[in-house]
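> This one is start.cif, mmCIF, C-alpha atoms.
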```cif
data_target
loop_
_atom_site.label_atom_id
_atom_site.label_comp_id
_atom_site.auth_asym_id
_atom_site.auth_seq_id
_atom_site.Cartn_x
_atom_site.Cartn_y
_atom_site.Cartn_z
CA MET A 1 -3.24 -29.49 14.86
CA LYS A 2 -0.15 -28.26 16.68
CA GLN A 3 1.69 -27.94 13.36
CA ILE A 4 -1.09 -25.75 11.95
CA ILE A 5 -1.02 -23.52 15.04
CA ASN A 6 2.77 -23.24 14.77
CA GLU A 7 2.46 -22.27 11.09
CA LEU A 8 -0.16 -19.61 11.91
CA GLU A 9 1.96 -18.24 14.74
CA SER A 10 5.05 -18.00 12.55
CA MET A 11 2.99 -16.18 9.90
CA TRP A 12 1.74 -13.67 12.49
CA LEU A 13 5.28 -12.94 13.66
CA GLU A 14 6.44 -12.25 10.10
CA THR A 15 3.47 -10.30 8.71
CA GLU A 16 4.02 -6.63 7.92
CA GLY A 17 1.50 -3.82 7.58
CA VAL A 18 -1.36 -4.94 9.83
CA GLN A 19 -1.35 -1.80 11.99
CA ASP A 20 -1.27 0.35 8.85
CA MET A 21 -4.47 -1.38 7.72
CA VAL A 22 -6.06 -0.76 11.13
CA ASN A 23 -5.08 2.91 10.88
CA LYS A 24 -6.57 3.27 7.39
CA LEU A 25 -9.85 1.67 8.52
CA LYS A 26 -9.96 4.03 11.52
CA ASP A 27 -9.44 6.92 9.10
CA VAL A 28 -12.34 5.70 6.93
CA TRP A 29 -14.53 5.51 10.05
CA LYS A 30 -13.74 9.12 10.93
CA LYS A 31 -13.94 10.59 7.42
CA GLY A 32 -16.55 8.33 5.83
CA GLY A 33 -16.22 6.42 2.62
CA VAL A 34 -16.96 3.06 1.13
CA ILE A 35 -14.98 -0.15 1.54
CA VAL A 36 -14.99 -2.77 -1.21
CA GLY A 37 -13.49 -6.24 -0.81
CA ILE A 38 -12.07 -8.19 -3.74
CA GLY A 39 -10.83 -11.76 -3.68
CA ALA A 40 -11.20 -15.00 -5.58
CA GLY A 41 -11.80 -18.50 -4.26
CA ARG A 42 -11.15 -19.21 -0.63
CA MET A 43 -9.01 -16.09 -0.22
CA GLY A 44 -12.13 -14.23 -1.29
CA TYR A 45 -14.26 -16.08 1.26
CA SER A 46 -12.02 -15.06 4.14
CA LEU A 47 -12.15 -11.43 2.99
CA ARG A 48 -15.91 -11.64 2.46
CA ALA A 49 -16.29 -12.55 6.15
CA HIS A 50 -14.23 -9.46 7.06
CA ILE A 51 -16.35 -7.21 4.85
CA MET A 52 -19.45 -8.57 6.62
CA ARG A 53 -17.80 -7.85 9.97
CA LEU A 54 -17.03 -4.28 8.89
CA SER A 55 -20.66 -3.90 7.88
CA HIS A 56 -21.74 -5.10 11.34
CA ILE A 57 -19.40 -2.54 12.89
CA GLY A 58 -21.15 0.18 10.89
CA TYR A 59 -19.00 0.69 7.81
CA GLU A 60 -20.51 1.00 4.35
CA ALA A 61 -18.80 -2.17 3.14
CA TYR A 62 -19.40 -4.39 0.10
CA PHE A 63 -17.83 -7.36 -1.64
CA ILE A 64 -17.27 -7.59 -5.37
CA GLY A 65 -20.34 -9.14 -6.97
CA ASP A 66 -22.80 -7.66 -4.46
CA THR A 67 -25.77 -6.35 -6.42
CA THR A 68 -25.81 -3.19 -4.30
CA LEU A 69 -22.11 -2.38 -4.84
CA PRO A 70 -21.88 1.37 -5.48
CA ARG A 71 -19.67 3.06 -8.03
CA ILE A 72 -16.10 3.36 -6.72
CA ASP A 73 -14.20 6.64 -6.60
CA GLU A 74 -11.44 8.45 -4.69
CA LYS A 75 -13.35 8.03 -1.41
CA THR A 76 -13.39 4.24 -1.79
CA VAL A 77 -10.96 1.91 -0.05
CA VAL A 78 -10.53 -1.34 -1.95
CA ILE A 79 -9.13 -4.32 -0.04
CA ILE A 80 -7.77 -7.14 -2.19
CA ASN A 81 -6.84 -10.53 -0.74
CA SER A 82 -4.58 -12.43 -3.14
CA SER A 83 -1.71 -14.54 -1.87
CA SER A 84 -0.04 -14.59 -5.31
CA GLY A 85 -1.05 -11.07 -6.32
CA GLU A 86 -1.44 -12.41 -9.85
CA THR A 87 -5.05 -13.63 -10.02
CA PRO A 88 -6.23 -12.32 -13.42
CA THR A 89 -9.69 -11.14 -12.33
CA ASN A 90 -8.22 -9.40 -9.28
CA ILE A 91 -5.67 -7.66 -11.51
CA LEU A 92 -8.51 -6.34 -13.68
CA TYR A 93 -10.40 -5.07 -10.62
CA ALA A 94 -7.23 -3.49 -9.20
CA GLN A 95 -6.63 -1.69 -12.50
CA GLN A 96 -10.20 -0.39 -12.48
CA ALA A 97 -9.88 0.73 -8.85
CA LYS A 98 -6.61 2.51 -9.63
CA ALA A 99 -8.23 4.27 -12.62
CA ALA A 100 -11.07 5.42 -10.32
CA LYS A 101 -8.44 6.80 -7.88
CA SER A 102 -9.56 4.45 -5.10
CA TYR A 103 -7.15 3.65 -2.28
CA ILE A 104 -6.01 0.03 -2.62
CA ILE A 105 -4.87 -2.20 0.25
CA THR A 106 -3.58 -5.60 -0.85
CA ILE A 107 -3.00 -8.60 1.38
CA THR A 108 -0.41 -10.81 -0.31
CA THR A 109 2.73 -12.92 -0.02
CA ASN A 110 4.16 -11.28 -3.14
CA PRO A 111 5.10 -7.59 -2.72
CA GLU A 112 6.48 -7.57 -6.28
CA SER A 113 3.23 -8.80 -7.87
CA THR A 114 1.13 -6.96 -10.42
CA ILE A 115 -1.57 -6.17 -7.86
CA ALA A 116 0.95 -5.09 -5.21
CA LYS A 117 2.44 -2.60 -7.66
CA LEU A 118 -1.02 -1.08 -8.22
CA SER A 119 -1.62 -0.79 -4.47
CA ASP A 120 -1.25 2.12 -2.08
CA GLN A 121 -0.68 -0.09 0.94
CA LEU A 122 0.37 -3.70 1.50
CA VAL A 123 -0.13 -6.28 4.19
CA ILE A 124 2.64 -8.74 3.44
CA MET A 125 2.30 -12.30 4.69
CA PRO A 126 5.25 -14.68 4.61
CA LYS A 127 5.32 -17.60 2.23
CA VAL A 128 4.86 -20.79 4.22
CA ASN A 129 5.66 -24.33 3.19
CA SER A 130 2.59 -25.85 4.84
CA HIS A 131 1.72 -29.53 4.99
CA GLN A 132 -1.94 -28.58 4.37
CA LEU A 133 -3.69 -28.91 1.04
CA MET A 134 -3.14 -26.18 -1.52
CA LYS A 135 -3.21 -22.75 0.13
CA SER A 136 -5.36 -23.60 3.15
CA ILE A 137 -2.92 -21.92 5.53
CA TYR A 138 -3.44 -18.55 3.82
CA GLU A 139 -7.22 -18.63 4.03
CA GLN A 140 -7.03 -19.63 7.70
CA TYR A 141 -4.48 -16.98 8.45
CA THR A 142 -6.25 -14.12 6.68
CA MET A 143 -9.50 -15.02 8.43
CA LEU A 144 -7.80 -14.77 11.84
CA MET A 145 -5.74 -11.72 10.93
CA LEU A 146 -8.75 -9.83 9.60
CA ASP A 147 -10.75 -10.61 12.74
CA TYR A 148 -7.82 -9.15 14.67
CA VAL A 149 -7.96 -6.04 12.44
CA ALA A 150 -11.70 -5.63 13.15
CA GLU A 151 -11.12 -6.08 16.89
CA GLN A 152 -8.36 -3.45 16.86
CA VAL A 153 -10.56 -0.96 14.98
CA VAL A 154 -13.39 -1.42 17.48
CA SER A 155 -11.04 -1.17 20.46
CA GLN A 156 -9.00 1.78 19.23
CA LEU A 157 -12.10 3.76 18.21
CA ASP A 158 -13.81 2.75 21.46
CA LEU A 159 -16.97 1.74 19.59
CA ASP A 160 -20.07 0.47 21.36
CA ARG A 161 -19.91 -3.34 21.24
CA GLY A 162 -23.62 -3.58 22.08
CA GLU A 163 -24.48 -1.51 19.02
CA ILE A 164 -22.27 -3.74 16.87
CA THR A 165 -24.07 -6.83 18.15
CA HIS A 166 -27.37 -5.08 17.37
CA ASN A 167 -26.23 -4.59 13.75
CA HIS A 168 -25.90 -8.35 13.22
CA SER A 169 -28.55 -9.75 10.91
CA ILE A 170 -31.41 -11.65 12.53
CA LEU A 171 -32.14 -13.46 9.25
CA GLU A 172 -29.19 -15.85 9.47
#
```
Could you rewrite the structure in this file as structure tokens?

Amino acid sequence: MKQIINELESMWLETEGVQDMVNKLKDVWKKGGVIVGIGAGRMGYSLRAHIMRLSHIGYEAYFIGDTTLPRIDEKTVVIINSSSGETPTNILYAQQAKAAKSYIITITTNPESTIAKLSDQLVIMPKVNSHQLMKSIYEQYTMLMLDYVAEQVVSQLDLDRGEITHNHSILE
């Protein structure tokens, strides 16, 4: 457990662009707009949790595949979570978002990737040689980092935490 915590801490210390993401989300709050999350596999699951959190906060937020996902346009912020930045389906979605003039934020370890090059903003995580299976460290890290992002948005906008709690579904 201590090794995992040390890995997560080292990732936090080396990640770039988190405050820029907070600032963009604050801007969306003030100006309005739609947020769409895109991710595959477990990277997608960690982002899906963040999109749900943004919805609880009061954003109009969706995840790719939601049946109620609206048409994207220049007022849409697309957040892509892809450690490699080369997941084929995510590349296709990024290309479509770019063609629609959406603002793209990508969370990745690869700032030279295809998706990163299509993006307007990057959150760059370090590559970690973890002892965990596959890419577990990245899903864990993005889950924690994105909860931090949500907390910073709420704090910096001084939003009503009681109202946010009220927005949580009672059907879970």
> I'd like the interatomic distance between atom CA of A:Ile38 and atom CA of A:Ile64, to a tenth of an Å.
5.5 Å
> Which is closer to A:Asn110 than all the others in A:Arg161, A:Arg48, A:Lys24, A:Lys127, using all atoms listed in the file?
A:Lys127
> Using only C-alpha atoms, find each residue of stretch 93-140 of chain A with at least one atom at most 12 Å away from an atom of stretch 146-153 of chain A; report its shortest atom-to-atom pair and that distance in Å (one decimal), sort the rows by chain and rising residue number, and return the result as JSON lines.

```
{"residue": "A:Ile107", "atom": "CA", "partner": "A:Leu146", "partner_atom": "CA", "distance": 10.1}
{"residue": "A:Val123", "atom": "CA", "partner": "A:Leu146", "partner_atom": "CA", "distance": 10.8}
{"residue": "A:Tyr138", "atom": "CA", "partner": "A:Leu146", "partner_atom": "CA", "distance": 11.7}
{"residue": "A:Glu139", "atom": "CA", "partner": "A:Leu146", "partner_atom": "CA", "distance": 10.5}
{"residue": "A:Gln140", "atom": "CA", "partner": "A:Leu146", "partner_atom": "CA", "distance": 10.1}
```
> Would you work out the distance separating atom CA of A:Pro70 from atom CA of A:Ile57, expressed in Å to one decimal?
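Going from atom CA of A:Pro70 over to atom CA of A:Ile57 covers 18.9 Å.
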> Neighbouring residues of stretch 10-23 of chain A were defined as those with any atom within 12 Å, considering all atoms listed in the file; residues of the same chain fewer than 4 positions away were excluded. Please report them as a PyMOL selection string.
chain A and resi 3-6+27-30+54+77-80+103-111+120-130+137-138+140-142+144-157
> Report as an MDAnalysis selection string all protein, DNA and RNA residues lying within 7 Å of A:Ala100, evaluated on only C-alpha atoms, omitting residues in the same chain fewer than 5 positions from it.
chainID A and resid 72:74
> A:Leu25, A:Ser102, A:Ala94, A:Ile115: which is nearest A:Ile51, counting all atoms listed in the file?
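Using all atoms listed in the file, A:Ile51 sits closest to A:Leu25.
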> Please compute the atom CA of A:Thr68-atom CA of A:Gly162 distance, one decimal, in Å.
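Pair atom CA of A:Thr68 / atom CA of A:Gly162 returns 26.5 Å.
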> Under the rule that all atoms listed in the file are counted, which of A:Met143, A:Val34, A:Ala49, A:Ala40 is the nearest residue to A:Tyr93?
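Among the listed residues, A:Ala40 lies closest to A:Tyr93.
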> Using all atoms listed in the file, which of A:Thr87, A:Gly33, A:Gly58, A:Thr114 sits nearest A:Glu163?
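Comparing A:Thr87, A:Gly33, A:Gly58, A:Thr114 against A:Glu163, the winner is A:Gly58.
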> Calculated over all atoms listed in the file, which of the candidates A:Glu9, A:Asp66, A:Glu86, A:Asp160 has the smallest distance to A:Gly37?
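Ranked by minimum distance to A:Gly37, first place goes to A:Asp66.
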> Can you tell me, as AutoDock Vina command-line options, the centre and edge lengths (Å, one decimal) of the axis-aligned box enclosing all of stretch 144-151 of chain A's listed atoms after padding each side by 3 Å?

```
--center_x -8.7 --center_y -10.2 --center_z 13.2 --size_x 12.0 --size_y 15.1 --size_z 13.3
```
